[in-house]
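Colleague: The structure's right below; bear with me while I get my questions together.
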Amino acid sequence: MIGGALALGAAAWVGWAWLPHLLTPACVWHGPRGARRVALTFDDGPDPDWTPRVLDALAEAGVRATFFLLGERAVRTPAVVRRIAAEGHEIGNHSWSHRSLWLCGPKATASEIRRAHECLGALAGGPPRHFRPPWGMVNAAMFPVLRRLGERCVFWSIQPEGRRPVPAARQIAHVMDHAHPGAIVDLHDAEGTRAAPARLLAALPPLLEGLRERGYAFATVAELLSTRD
Ligand SMILES: [Zn+2]
């Protein structure tokens with residue numbers, strides 16, 4: 001009896017959290033491959049200390065990028081959110097609290113996405129158009145919520161550091177080895193993986209320079225996706 005209930009529970013969970021991953025090809029993984037452009041994306045901020053330093057590095061290099069922000073961090077650091085928008089970067093939705101959608105029911109899923117959508121829209125002066133699911137994990141409720149809000153789900157094609165710390169030099173080498181026209185690069189300007197922002201800040205200037213040397217221009221996600229092959 002208990003075994004049967006467990007099996008039923010497992011099957012329901014697979015339908016809720018795993019099968020929607022089959023829909024993820026409908027999500028964005030990269031931009032058009034016709035132009036030598038890449039989009040840098042920064043997740044998990046805004047961080048009151050690290051994000052301004054990342055903005056300084058981008059301004060110095062004349063690069064605009066996309067920041068996938070958390071609603072609950074954005075309301076604590078509104079000035080940084082306004083600065084991101086004022087400097088021409090794109091603001092994307094990375095949920096309210098970074099809870100994995102695998103652990104959220106339909107109501108919590110809608111609330112995680114909608115609350116961040118509203119607060120980021122108010123702070124940035126326009127609603128976010130792109131959503132990146134925390135940990136890259138989706139569920140069945142996410143797709144209709146995004147459709148209603150006019151957001152597209154965006155993953156990445158290059159991720160130099162995941163949950164395990166990777167030294168800055170290896171991150172740079174990874175991006176250079178995997179760079180391709182239309183690439184979406186996943187970076188982190190706030191703490192998730194331990195000390196990730198410090199490694200990012202060390203990697204960022206050589207990364208920008210190296211990509212430029214290879215003939216790449218930089219675009220926000222919206223710009224990258226607005227052109228066709
Ligand atoms: Zn994240």
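In the structure tokens, chains take the letters A, B, ... in the order shown, each chain's residues start at 1, and ligands count up from 1 in the order shown.
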Kindly provide the residues of chain A that approach ligand 1 to within 7 Å, each paired with its closest atom pair and their distance in Å to one decimal, based on only C-alpha atoms and all ligand atoms, listed by chain and increasing number, as a Markdown table.
Modeller:
```
| residue | atom | partner | partner_atom_place_in_ligand_line | distance |
| --- | --- | --- | --- | --- |
| A:Asp43 | CA | ligand 1 | 1 (Zn) | 5.2 |
| A:Asp44 | CA | ligand 1 | 1 (Zn) | 4.7 |
| A:His94 | CA | ligand 1 | 1 (Zn) | 6.7 |
| A:His98 | CA | ligand 1 | 1 (Zn) | 6.3 |
| A:Pro134 | CA | ligand 1 | 1 (Zn) | 4.6 |
| A:Trp135 | CA | ligand 1 | 1 (Zn) | 5.6 |
```
Colleague: Give me, as CSV, each residue of range 139-229 of chain A that comes within 8 Å of range 55-66 of chain A, together with its shortest interatomic pair and the distance in Å at one decimal, counting only C-alpha atoms, with rows ordered by chain and rising residue number.
Modeller:
```
residue,atom,partner,partner_atom,distance
A:Leu204,CA,A:Ala57,CA,7.4
A:Pro205,CA,A:Ala57,CA,6.8
A:Leu208,CA,A:Ala61,CA,7.5
A:Phe218,CA,A:Val63,CA,6.3
A:Ala219,CA,A:Ala65,CA,6.2
A:Thr220,CA,A:Ala65,CA,4.7
A:Val221,CA,A:Thr66,CA,6.3
```
Colleague: Between CA of Ile84 in chain A and CA of Ala39 in chain A, measure the distance and give it in Å to one decimal.
Modeller: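 Going from CA of Ile84 in chain A over to CA of Ala39 in chain A covers 15.5 Å.
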Colleague: Choose the residue, out of A:Glu209, A:Glu72, A:Glu118, A:Glu161, that has the smallest atom-to-atom separation from His188 in chain A; count only C-alpha atoms.
Modeller: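 So, comparing all the options, the nearest one is A:Glu161.
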Colleague: Write out as a PyMOL selection string the set of residues from range 10-223 of chain A that DSSP, computed on the backbone, places in helix (DSSP H, G or I).
Modeller: chain A and resi 10-26+50-61+71-74+78-86+101-103+106-124+134-136+142-149+168-178+196-213+221-223
Colleague: Take the residues just selected and output them with C-alpha atoms as a compact mmCIF listing (two decimals), in the first residue's frame.
Modeller:
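And here's selection-v6.txt as it stands now:
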```txt
# COMPACT_ATOMS: atom_id res chain seq x y z
CA ALA A 10 6.88 9.46 -7.84
CA ALA A 11 4.92 9.23 -11.10
CA ALA A 12 3.11 12.49 -10.31
CA TRP A 13 6.39 14.19 -9.53
CA VAL A 14 7.94 12.97 -12.77
CA GLY A 15 4.95 14.45 -14.65
CA TRP A 16 5.23 17.72 -12.76
CA ALA A 17 8.94 18.34 -12.63
CA TRP A 18 10.65 16.07 -15.15
CA LEU A 19 8.42 15.85 -18.21
CA PRO A 20 8.29 19.66 -18.63
CA HIS A 21 12.01 19.47 -19.29
CA LEU A 22 11.06 17.90 -22.60
CA LEU A 23 9.51 21.26 -23.41
CA THR A 24 12.72 23.10 -22.76
CA PRO A 25 13.77 22.94 -26.43
CA ALA A 26 10.98 25.53 -26.78
CA TRP A 50 29.60 43.02 -6.12
CA THR A 51 27.05 44.15 -8.71
CA PRO A 52 28.31 47.79 -8.79
CA ARG A 53 31.84 46.49 -9.37
CA VAL A 54 30.63 44.32 -12.24
CA LEU A 55 28.82 47.38 -13.64
CA ASP A 56 32.06 49.39 -13.39
CA ALA A 57 33.96 46.71 -15.34
CA LEU A 58 31.26 46.57 -18.03
CA ALA A 59 31.14 50.38 -18.30
CA GLU A 60 34.91 50.55 -18.64
CA ALA A 61 34.78 48.10 -21.53
CA GLY A 71 12.92 40.00 -6.57
CA GLU A 72 13.69 39.71 -2.87
CA ARG A 73 17.24 41.00 -3.39
CA ALA A 74 16.04 43.75 -5.74
CA PRO A 78 16.70 49.25 -5.40
CA ALA A 79 19.45 51.78 -6.23
CA VAL A 80 21.56 49.06 -7.84
CA VAL A 81 18.59 47.88 -9.91
CA ARG A 82 18.00 51.43 -11.14
CA ARG A 83 21.67 51.79 -12.00
CA ILE A 84 21.62 48.54 -14.04
CA ALA A 85 18.66 49.87 -16.04
CA ALA A 86 20.07 53.41 -16.36
CA LEU A 101 10.55 25.22 -9.21
CA TRP A 102 10.83 21.46 -8.63
CA LEU A 103 9.79 22.21 -5.04
CA PRO A 106 1.24 25.80 -9.06
CA LYS A 107 0.46 28.66 -6.64
CA ALA A 108 4.02 29.06 -5.41
CA THR A 109 5.31 28.89 -9.00
CA ALA A 110 2.99 31.68 -10.11
CA SER A 111 3.85 33.76 -7.06
CA GLU A 112 7.65 33.29 -7.45
CA ILE A 113 7.51 34.48 -11.06
CA ARG A 114 4.80 37.14 -10.79
CA ARG A 115 6.11 38.90 -7.66
CA ALA A 116 9.54 39.31 -9.22
CA HIS A 117 8.00 40.37 -12.55
CA GLU A 118 6.05 43.15 -10.84
CA CYS A 119 8.78 44.42 -8.55
CA LEU A 120 11.49 44.38 -11.24
CA GLY A 121 9.14 46.07 -13.71
CA ALA A 122 8.42 48.86 -11.23
CA LEU A 123 12.11 49.40 -10.41
CA ALA A 124 13.42 49.14 -13.97
CA PRO A 134 16.61 29.07 -10.62
CA TRP A 135 19.07 26.16 -11.00
CA GLY A 136 17.69 25.75 -14.56
CA MET A 142 5.91 27.72 -15.33
CA PHE A 143 5.04 27.83 -19.05
CA PRO A 144 1.48 29.24 -18.82
CA VAL A 145 2.58 31.78 -16.16
CA LEU A 146 5.37 33.04 -18.44
CA ARG A 147 3.00 33.20 -21.41
CA ARG A 148 0.57 35.36 -19.44
CA LEU A 149 3.35 37.72 -18.34
CA ALA A 168 38.98 32.39 -12.83
CA ALA A 169 41.67 31.30 -15.32
CA ARG A 170 39.81 28.06 -16.07
CA GLN A 171 36.55 29.95 -16.50
CA ILE A 172 38.18 32.26 -19.06
CA ALA A 173 39.65 29.30 -20.95
CA HIS A 174 36.28 27.53 -20.92
CA VAL A 175 34.48 30.53 -22.45
CA MET A 176 37.21 31.03 -25.09
CA ASP A 177 37.09 27.33 -26.05
CA HIS A 178 33.30 27.22 -26.31
CA ALA A 196 31.61 33.20 -7.15
CA PRO A 197 31.50 37.03 -7.52
CA ALA A 198 35.19 37.44 -6.62
CA ARG A 199 36.18 34.88 -9.28
CA LEU A 200 33.84 36.56 -11.77
CA LEU A 201 35.38 39.95 -11.18
CA ALA A 202 38.87 38.56 -11.76
CA ALA A 203 37.73 36.78 -14.94
CA LEU A 204 35.61 39.53 -16.44
CA PRO A 205 38.17 42.00 -17.97
CA PRO A 206 40.25 39.28 -19.71
CA LEU A 207 37.04 37.56 -20.78
CA LEU A 208 35.73 40.72 -22.45
CA GLU A 209 39.07 41.38 -24.08
CA GLY A 210 39.49 37.79 -25.27
CA LEU A 211 36.05 37.67 -26.86
CA ARG A 212 36.64 41.01 -28.59
CA GLU A 213 39.98 39.78 -29.92
CA VAL A 221 19.55 38.89 -24.57
CA ALA A 222 16.73 40.96 -26.08
CA GLU A 223 19.09 42.37 -28.72
```
Colleague: Could you check how far CA of Gly88 in chain A sits from CA of Met137 in chain A, in Å to one decimal?
Modeller: 28.5 Å
Colleague: Give me, as JSON lines, the closest atom pair and its distance (Å, one decimal) for every residue of range 37-119 of chain A within a cut-off of 10 Å of range 153-157 of chain A, counting only C-alpha atoms, rows sorted by chain and rising number.
Modeller:
```
{"residue": "A:Ala39", "atom": "CA", "partner": "A:Trp156", "partner_atom": "CA", "distance": 9.4}
{"residue": "A:Leu40", "atom": "CA", "partner": "A:Trp156", "partner_atom": "CA", "distance": 9.5}
{"residue": "A:Thr41", "atom": "CA", "partner": "A:Trp156", "partner_atom": "CA", "distance": 8.5}
{"residue": "A:Phe68", "atom": "CA", "partner": "A:Val154", "partner_atom": "CA", "distance": 9.9}
{"residue": "A:Gly92", "atom": "CA", "partner": "A:Val154", "partner_atom": "CA", "distance": 9.4}
{"residue": "A:Asn93", "atom": "CA", "partner": "A:Cys153", "partner_atom": "CA", "distance": 9.4}
{"residue": "A:His94", "atom": "CA", "partner": "A:Cys153", "partner_atom": "CA", "distance": 10.0}
```
Colleague: Give me, as number ranges by chain, the residues of range 95-194 of chain A that a backbone DSSP run labels strand (DSSP E).
Modeller: A: 130-131, 152-153, 184-188
Colleague: Compare A:His89, A:Arg132, A:Arg36, A:Arg76 by their minimum atom-to-atom distance to Ala183 in chain A, counting only C-alpha atoms, and give me the closest one.
Modeller: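 Among the listed residues, the smallest separation from Ala183 in chain A belongs to A:Arg36.
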Colleague: How many Å lie between CA of Ala217 in chain A and CA of Ala179 in chain A, rounded to one decimal?
Modeller: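 CA of Ala217 in chain A sits 11.7 Å away from CA of Ala179 in chain A.
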